[in-house]
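Source file: start10.cif; contents: mmCIF, C-alpha atoms.
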data_target
#
loop_
_atom_site.label_atom_id
_atom_site.label_comp_id
_atom_site.auth_asym_id
_atom_site.auth_seq_id
_atom_site.Cartn_x
_atom_site.Cartn_y
_atom_site.Cartn_z
CA ILE A 1 -17.78 11.53 -5.91
CA ILE A 2 -17.32 8.39 -3.85
CA HIS A 3 -17.66 8.44 -0.09
CA PHE A 4 -17.00 4.86 0.98
CA ASN A 5 -17.88 4.56 4.63
CA PRO A 6 -19.38 1.20 5.62
CA SER A 7 -20.93 1.08 9.04
CA ARG A 8 -18.49 -0.11 11.66
CA ALA A 9 -20.97 -2.84 12.59
CA GLN A 10 -20.87 -4.05 8.99
CA THR A 11 -17.07 -3.87 8.93
CA MET A 12 -16.78 -5.82 12.17
CA SER A 13 -19.42 -8.45 11.37
CA ALA A 14 -17.29 -10.71 9.20
CA ILE A 15 -13.69 -9.80 9.83
CA PRO A 16 -11.32 -12.21 8.08
CA LYS A 17 -9.82 -14.84 10.38
CA TYR A 18 -6.35 -13.31 10.17
CA PHE A 19 -7.55 -10.44 12.37
CA SER A 20 -8.68 -12.55 15.34
CA PRO A 21 -8.01 -11.32 18.89
CA GLY A 22 -4.56 -12.32 20.10
CA ASN A 23 -3.19 -12.77 16.59
CA VAL A 24 0.02 -11.04 15.56
CA ALA A 25 0.38 -8.22 13.03
CA VAL A 26 3.54 -6.65 11.63
CA ILE A 27 2.90 -3.30 9.96
CA THR A 28 5.52 -1.16 8.23
CA GLY A 29 5.14 2.55 7.59
CA ALA A 30 3.15 2.55 10.81
CA SER A 31 3.89 6.00 12.18
CA SER A 32 1.36 7.80 9.98
CA GLY A 33 -1.13 7.47 7.15
CA ILE A 34 -2.45 4.10 6.04
CA GLY A 35 -0.03 2.18 8.24
CA LEU A 36 -1.11 4.05 11.36
CA ALA A 37 -4.79 3.61 10.48
CA MET A 38 -4.28 -0.14 10.14
CA SER A 39 -2.24 -0.30 13.35
CA LYS A 40 -5.06 1.37 15.24
CA ARG A 41 -7.64 -0.94 13.72
CA CYS A 42 -5.67 -4.08 14.56
CA ALA A 43 -4.85 -3.01 18.10
CA LEU A 44 -7.98 -1.20 19.24
CA GLU A 45 -10.77 -3.01 17.40
CA PHE A 46 -9.36 -6.45 16.67
CA SER A 47 -7.34 -6.79 19.93
CA MET A 48 -4.30 -8.05 18.05
CA ASN A 49 -0.69 -7.85 19.12
CA VAL A 50 0.81 -5.29 16.75
CA PHE A 51 4.44 -4.62 15.90
CA CYS A 52 4.69 -1.18 14.33
CA VAL A 53 7.73 -0.54 12.13
CA ASP A 54 8.87 2.82 10.76
CA ILE A 55 12.10 4.69 10.06
CA ASP A 56 10.78 7.85 11.76
CA GLU A 57 11.58 6.85 15.33
CA ALA A 58 10.29 10.00 17.02
CA GLU A 59 6.93 9.93 15.26
CA LEU A 60 6.61 6.16 15.68
CA THR A 61 7.27 6.34 19.41
CA GLN A 62 4.69 9.09 19.81
CA THR A 63 1.95 7.40 17.79
CA VAL A 64 2.45 3.98 19.39
CA ALA A 65 2.34 5.54 22.85
CA ALA A 66 -0.99 7.13 21.92
CA ILE A 67 -2.38 3.77 20.79
CA GLN A 68 -1.16 2.07 23.96
CA LYS A 69 -3.12 4.53 26.07
CA GLU A 70 -6.33 3.51 24.31
CA ILE A 71 -5.92 -0.25 24.66
CA THR A 72 -8.40 -1.81 27.06
CA GLY A 73 -7.44 -5.48 26.66
CA ASP A 74 -4.25 -7.42 27.32
CA ASN A 75 -2.91 -7.20 23.76
CA GLU A 76 0.27 -5.26 23.11
CA VAL A 77 1.49 -2.66 20.62
CA VAL A 78 5.24 -2.42 20.13
CA ALA A 79 7.28 0.20 18.27
CA ILE A 80 10.29 -1.06 16.32
CA PRO A 81 12.23 1.68 14.51
CA ALA A 82 13.76 0.26 11.32
CA ASP A 83 14.61 1.04 7.72
CA VAL A 84 12.68 -1.44 5.57
CA SER A 85 15.19 -1.06 2.75
CA ASN A 86 17.90 -2.51 5.00
CA TYR A 87 17.66 -6.30 4.93
CA LYS A 88 19.66 -6.78 8.14
CA ALA A 89 17.47 -4.25 9.93
CA MET A 90 14.37 -6.21 8.92
CA VAL A 91 15.96 -9.46 10.11
CA ASP A 92 16.38 -7.70 13.45
CA VAL A 93 12.70 -6.76 13.37
CA ARG A 94 11.74 -10.40 12.86
CA ASP A 95 14.04 -11.46 15.69
CA ALA A 96 12.47 -8.87 17.98
CA VAL A 97 9.00 -10.20 17.13
CA VAL A 98 10.07 -13.76 17.89
CA MET A 99 11.89 -12.75 21.08
CA SER A 100 8.68 -11.13 22.31
CA GLY A 101 7.08 -14.57 22.42
CA ALA A 102 5.20 -14.43 19.12
CA LYS A 103 5.33 -17.85 17.47
CA THR A 104 4.18 -16.62 14.07
CA VAL A 105 2.74 -13.62 12.22
CA HIS A 106 -0.86 -13.76 11.00
CA PHE A 107 -0.96 -10.42 9.18
CA LEU A 108 2.01 -8.84 7.41
CA PHE A 109 1.32 -5.37 6.01
CA ASN A 110 4.23 -4.15 3.86
CA ASN A 111 3.18 -0.55 3.58
CA ALA A 112 6.23 1.69 4.11
CA GLY A 113 7.03 4.01 1.24
CA THR A 114 8.58 7.26 0.15
CA GLY A 115 7.34 9.76 -2.38
CA CYS A 116 10.77 11.10 -3.34
CA GLY A 117 11.93 10.57 -6.88
CA GLY A 118 12.39 12.18 -10.25
CA GLY A 119 12.84 11.49 -13.94
CA ALA A 120 14.89 8.98 -15.90
CA LEU A 121 18.14 10.85 -15.36
CA SER A 122 17.47 12.18 -11.87
CA ASP A 123 20.00 11.95 -9.06
CA ILE A 124 20.99 8.30 -8.82
CA ASP A 125 21.09 8.30 -5.01
CA ILE A 126 17.49 9.49 -4.84
CA PHE A 127 16.38 7.06 -7.55
CA GLN A 128 18.01 4.15 -5.73
CA LYS A 129 16.50 5.22 -2.41
CA VAL A 130 12.99 5.19 -3.86
CA VAL A 131 13.46 1.75 -5.39
CA GLN A 132 15.09 0.39 -2.24
CA VAL A 133 12.35 1.66 0.10
CA ASN A 134 9.25 1.14 -2.04
CA GLY A 135 10.42 -1.97 -3.88
CA PHE A 136 12.95 -3.83 -1.80
CA GLY A 137 11.20 -2.79 1.39
CA ILE A 138 8.34 -5.08 0.38
CA ILE A 139 10.64 -7.81 -0.92
CA ASN A 140 12.64 -7.72 2.32
CA GLY A 141 9.48 -7.93 4.41
CA CYS A 142 8.18 -10.95 2.51
CA ASN A 143 11.55 -12.70 2.27
CA ILE A 144 12.05 -12.43 6.01
CA PHE A 145 8.55 -12.91 7.43
CA VAL A 146 6.79 -15.27 5.00
CA PRO A 147 9.03 -18.26 5.92
CA LEU A 148 8.15 -17.63 9.57
CA MET A 149 4.46 -17.51 8.68
CA LYS A 150 4.72 -20.79 6.75
CA GLU A 151 6.60 -22.55 9.54
CA LYS A 152 3.69 -22.75 11.96
CA GLY A 153 1.10 -23.65 9.34
CA GLU A 154 -1.48 -21.14 10.53
CA ASP A 155 -3.73 -18.95 8.39
CA GLY A 156 -1.90 -15.84 7.31
CA LEU A 157 -2.35 -12.80 5.11
CA ILE A 158 0.25 -10.61 3.41
CA VAL A 159 -0.87 -7.23 2.06
CA ASN A 160 1.57 -5.25 -0.05
CA THR A 161 0.88 -1.60 -0.81
CA GLY A 162 1.26 -0.66 -4.45
CA SER A 163 0.01 2.35 -6.39
CA LYS A 164 -2.00 3.17 -9.48
CA GLN A 165 1.16 4.93 -10.64
CA GLY A 166 2.75 1.51 -10.88
CA ILE A 167 0.08 0.52 -13.41
CA THR A 168 -0.75 3.59 -15.51
CA MET A 169 2.72 5.23 -15.15
CA PRO A 170 1.78 8.94 -15.32
CA PRO A 171 4.76 11.17 -16.19
CA GLY A 172 6.21 13.28 -13.40
CA ASN A 173 7.92 10.88 -11.00
CA LEU A 174 9.42 8.00 -12.96
CA ALA A 175 11.44 6.71 -10.01
CA TYR A 176 8.26 6.28 -7.97
CA ASN A 177 6.47 4.65 -10.91
CA VAL A 178 9.34 2.19 -11.37
CA SER A 179 9.30 1.27 -7.68
CA LYS A 180 5.56 0.69 -7.62
CA SER A 181 5.62 -1.27 -10.88
CA MET A 182 8.21 -3.43 -9.16
CA VAL A 183 5.81 -3.96 -6.25
CA LYS A 184 2.99 -5.02 -8.58
CA THR A 185 5.20 -7.52 -10.40
CA TYR A 186 6.60 -8.98 -7.20
CA ALA A 187 3.21 -9.15 -5.47
CA GLU A 188 1.63 -10.96 -8.41
CA GLY A 189 4.45 -13.50 -8.51
CA LEU A 190 4.30 -14.03 -4.75
CA GLU A 191 0.57 -14.69 -4.83
CA HIS A 192 0.95 -17.16 -7.70
CA GLU A 193 3.49 -19.12 -5.65
CA LEU A 194 1.24 -19.02 -2.57
CA MET A 195 -1.70 -20.18 -4.71
CA LYS A 196 0.33 -23.17 -5.90
CA GLU A 197 1.18 -24.03 -2.31
CA ARG A 198 -2.48 -23.76 -1.30
CA LYS A 199 -3.59 -25.98 -4.19
CA ASP A 200 -0.81 -28.55 -4.05
CA HIS A 201 0.34 -28.66 -0.45
CA GLY A 202 -2.45 -27.25 1.72
CA GLY A 203 -0.70 -23.93 2.27
CA LYS A 204 -2.56 -21.43 4.42
CA LEU A 205 -1.09 -18.13 3.28
CA ARG A 206 -2.65 -15.71 0.84
CA SER A 207 -1.78 -12.20 -0.25
CA ALA A 208 -3.34 -9.08 -1.68
CA LEU A 209 -2.11 -6.00 -3.50
CA LEU A 210 -3.53 -2.81 -2.01
CA ILE A 211 -3.73 -0.08 -4.65
CA PRO A 212 -4.86 3.17 -3.04
CA GLY A 213 -6.22 6.10 -4.96
CA TRP A 214 -5.58 9.65 -3.83
CA VAL A 215 -5.13 9.54 -0.05
CA ASN A 216 -4.53 12.22 2.55
CA THR A 217 -1.28 10.80 3.91
CA SER A 218 2.01 12.44 4.81
CA ILE A 219 4.03 10.81 2.01
CA LEU A 220 4.27 14.02 -0.04
CA TYR A 221 4.83 16.09 3.11
CA LYS A 222 7.74 13.90 4.22
CA ALA A 223 9.21 13.64 0.71
CA THR A 224 9.22 17.44 0.37
CA ARG A 225 10.70 17.82 3.84
CA ASP A 226 13.44 15.29 3.10
CA GLU A 227 14.29 16.86 -0.27
CA CYS A 228 14.63 20.27 1.38
CA ALA A 229 16.93 18.77 4.00
CA MET A 230 19.12 17.16 1.32
CA ASP A 231 19.35 20.47 -0.56
CA ASN A 232 19.95 22.46 2.66
CA LYS A 233 16.83 24.49 1.98
CA PRO A 234 14.21 25.62 4.51
CA PHE A 235 11.07 23.51 4.58
CA ASP A 236 7.76 25.35 4.29
CA ALA A 237 4.99 23.03 5.48
CA ASP A 238 2.36 25.27 3.89
CA SER A 239 3.87 24.59 0.46
CA VAL A 240 2.62 20.98 0.61
CA PHE A 241 -0.89 21.20 -0.79
CA PHE A 242 -2.31 18.16 1.01
CA HIS A 243 -1.51 15.80 3.87
CA GLU A 244 -3.30 14.27 6.85
CA ALA A 245 -3.47 17.55 8.75
CA LYS A 246 -4.43 19.46 5.59
CA PRO A 247 -6.75 17.06 3.75
CA ALA A 248 -7.75 17.59 0.14
CA SER A 249 -11.46 17.15 -0.54
CA GLY A 250 -10.84 14.83 -3.49
CA ALA A 251 -8.75 12.39 -1.46
CA TRP A 252 -9.82 9.68 0.95
CA MET A 253 -8.64 9.60 4.53
CA PRO A 254 -6.41 6.65 5.55
CA SER A 255 -9.21 5.09 7.63
CA GLN A 256 -11.38 4.88 4.50
CA ILE A 257 -8.65 2.88 2.76
CA ILE A 258 -8.66 0.40 5.64
CA ASP A 259 -12.47 0.17 5.57
CA PHE A 260 -12.36 -0.55 1.84
CA LEU A 261 -9.55 -3.10 2.16
CA LEU A 262 -11.38 -5.05 4.85
CA SER A 263 -14.64 -4.91 2.89
CA GLU A 264 -12.93 -6.26 -0.23
CA LEU A 265 -11.18 -9.04 1.70
CA GLN A 266 -14.51 -10.06 3.25
CA SER A 267 -16.29 -10.12 -0.09
CA ASN A 268 -14.02 -12.67 -1.76
CA ASP A 269 -11.58 -15.17 -0.28
CA ASP A 270 -9.50 -14.97 -3.46
CA LYS A 271 -9.46 -11.18 -3.65
CA PHE A 272 -6.03 -9.97 -4.75
CA TYR A 273 -6.31 -6.61 -6.49
CA VAL A 274 -7.79 -4.13 -4.02
CA ILE A 275 -8.12 -1.03 -6.22
CA CYS A 276 -9.46 1.88 -4.19
CA PRO A 277 -11.40 4.73 -5.73
CA ASP A 278 -11.32 8.19 -4.17
CA ASN A 279 -13.59 11.23 -4.13
CA ASP A 280 -12.39 12.31 -7.59
CA VAL A 281 -11.97 9.05 -9.54
CA ASP A 282 -14.34 6.08 -9.56
CA ARG A 283 -13.47 2.46 -10.35
CA GLU A 284 -14.93 2.65 -13.86
CA THR A 285 -12.53 5.47 -14.76
CA ASP A 286 -9.62 3.55 -13.24
CA ASN A 287 -10.48 0.49 -15.33
CA ILE A 288 -10.65 2.53 -18.53
CA ARG A 289 -7.31 4.20 -17.79
CA MET A 290 -5.63 0.87 -17.06
CA THR A 291 -7.07 -0.71 -20.19
CA TRP A 292 -5.81 2.15 -22.35
CA THR A 293 -2.35 1.82 -20.81
CA MET A 294 -2.16 -1.89 -21.68
CA GLN A 295 -3.40 -1.13 -25.19
CA ASP A 296 -0.31 1.00 -25.78
CA ILE A 297 1.37 -2.39 -26.25
CA THR A 298 -1.40 -4.38 -27.90
CA HIS A 299 -2.28 -1.50 -30.29
CA ASP A 300 1.37 -0.67 -30.96
CA ARG A 301 1.05 2.94 -29.84
CA VAL A 302 3.76 5.16 -28.40
CA PRO A 303 4.45 4.63 -24.68
CA LEU A 304 2.40 6.71 -22.23
CA SER A 305 0.16 7.71 -25.12
CA ARG A 306 -2.46 9.08 -22.76
CA TRP A 307 -0.17 12.07 -22.22
CA HIS A 308 1.24 12.24 -25.78
CA PRO A 309 0.05 15.23 -27.85
CA ASP A 310 -0.89 12.97 -30.76
CA TYR A 311 -3.08 10.73 -28.60
CA SER A 312 -4.37 12.72 -25.61
CA ALA A 313 -7.54 13.79 -27.43
CA LYS A 314 -8.10 10.21 -28.61
CA PHE A 315 -7.85 9.03 -25.02
CA THR A 316 -10.48 11.53 -23.94
CA GLU A 317 -12.78 10.27 -26.72
CA TYR A 318 -12.10 6.67 -25.68
CA LEU A 319 -12.85 7.48 -22.04
CA GLU A 320 -16.19 9.05 -22.89
CA SER A 321 -17.20 6.28 -25.32
CA GLU A 322 -16.41 3.56 -22.77
CA ARG A 323 -18.40 5.35 -20.09
CA LYS A 324 -21.42 5.54 -22.40
CA LYS A 325 -21.37 1.75 -22.80
CA ASP A 326 -22.42 1.44 -19.19
#
This entry written out as structure tokens:
Amino acid sequence: IIHFNPSRAQTMSAIPKYFSPGNVAVITGASSGIGLAMSKRCALEFSMNVFCVDIDEAELTQTVAAIQKEITGDNEVVAIPADVSNYKAMVDVRDAVVMSGAKTVHFLFNNAGTGCGGGALSDIDIFQKVVQVNGFGIINGCNIFVPLMKEKGEDGLIVNTGSKQGITMPPGNLAYNVSKSMVKTYAEGLEHELMKERKDHGGKLRSALLIPGWVNTSILYKATRDECAMDNKPFDADSVFFHEAKPASGAWMPSQIIDFLLSELQSNDDKFYVICPDNDVDRETDNIRMTWTMQDITHDRVPLSRWHPDYSAKFTEYLESERKKD
């Protein structure tokens, strides 16, 4: 069991320069979960000007109003309802940020996502929605805001939210896995290009891939609610076995993810993969699972062998043998 909870004094002692007072943050998926936790941290502790983006206008308006009531400085928090999968809508978000007087963005957090999905032959509209929101939502955010961040030549950080499901690909929601694999591939390529610019041209932008573990967010709650609405079925909130208001003991709370992200960014200027444990799975187990997944290719096994009846017992043996090495 892992309870990561650094003291707030420790967390605040060496905050990366991107989070300086008066700096500008753009955060998507900001109405709840990890996005809301980061919005609060940037606005209330770092005194940044924060632009909160989310498709759920009612919830976004409510949560931003609550943050505004807690602000004691002269920084601002602004709600901008938008669909991250819509490129034009995100251009409008950028224009709104610029029109507010912000000359650049110092912290871009592409975090919006949906948990809807299905298998390889699931409804194409749902499959496309998942890929558009989870995948192109991040691509749109970077394509639109990174040029603005480069233009002023100031230090900037882009954090893109991925998922362990985009690495180990557990069966059950292939559409989601595809979208998060897309995020990993794009984020790695983006950082390589930013690295080249830093090395060759004095670029000042860097990026990181946030890979949460099990987190008590509302993504499953909202996905179930939306699926019920599409099927014209009543939504039973009690049927969702975990979310922020009904936390599972094995999952971290969103604020713990932010604590861990900031701690990892402080520990290493070149930190890219921010792989979060949770209260059920430690980093060693994650590493072993990811290694086994890659070995499906290098060992010429069947795909997703961890869940294949001919290999599942072998994976368990491998897991235990690797743990004993440490």
Exercise for review: Name the residues that the PyMOL selection byres ((chain A and resi 126-131) around 10) picks from the file above, as a VMD selection string, using the file's chain letters and numbers.
Suggested key: chain A and resid 85 113 to 125 132 to 137 173 to 180 182 to 183 227 230
Exercise for review: For atom CA of A:Gln165 and atom CA of A:Tyr18, quote the distance in Å rounded to one decimal.
Suggested key: 28.7 Å
Around all listed atoms of stretch 157-176 of chain A, padded 6 Å per side, what centre and edge lengths does the axis-aligned box have in Å to one decimal, as JSON?
{"center_x": 4.5, "center_y": 0.2, "center_z": -5.5, "size_x": 25.8, "size_y": 38.1, "size_z": 33.3}
Exercise for review: Enumerate, as a PyMOL selection string, the residues matched when the PyMOL selection byres ((chain A and resi 265) around 12) is run on the file above.
Suggested key: chain A and resi 11+14-19+157-159+206-210+258-264+266-275
**Study point:** Who sits within 12 Å of A:Asp92, only C-alpha atoms, same chain under 6 positions skipped, as a VMD selection string
**Key:** chain A and resid 53 80 to 84 86 98 to 99 140 to 141 144 to 145
Exercise for review: Could you check which of A:Asp56, A:Arg41, A:Val24, A:Thr285 is closest to A:Lys222, using all atoms listed in the file?
Suggested key: A:Asp56
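Among the candidate residues A:Lys184, A:Lys204, A:Lys233, A:His192, the one lying nearest to A:Glu154 is A:Lys204, with distances computed using only C-alpha atoms.
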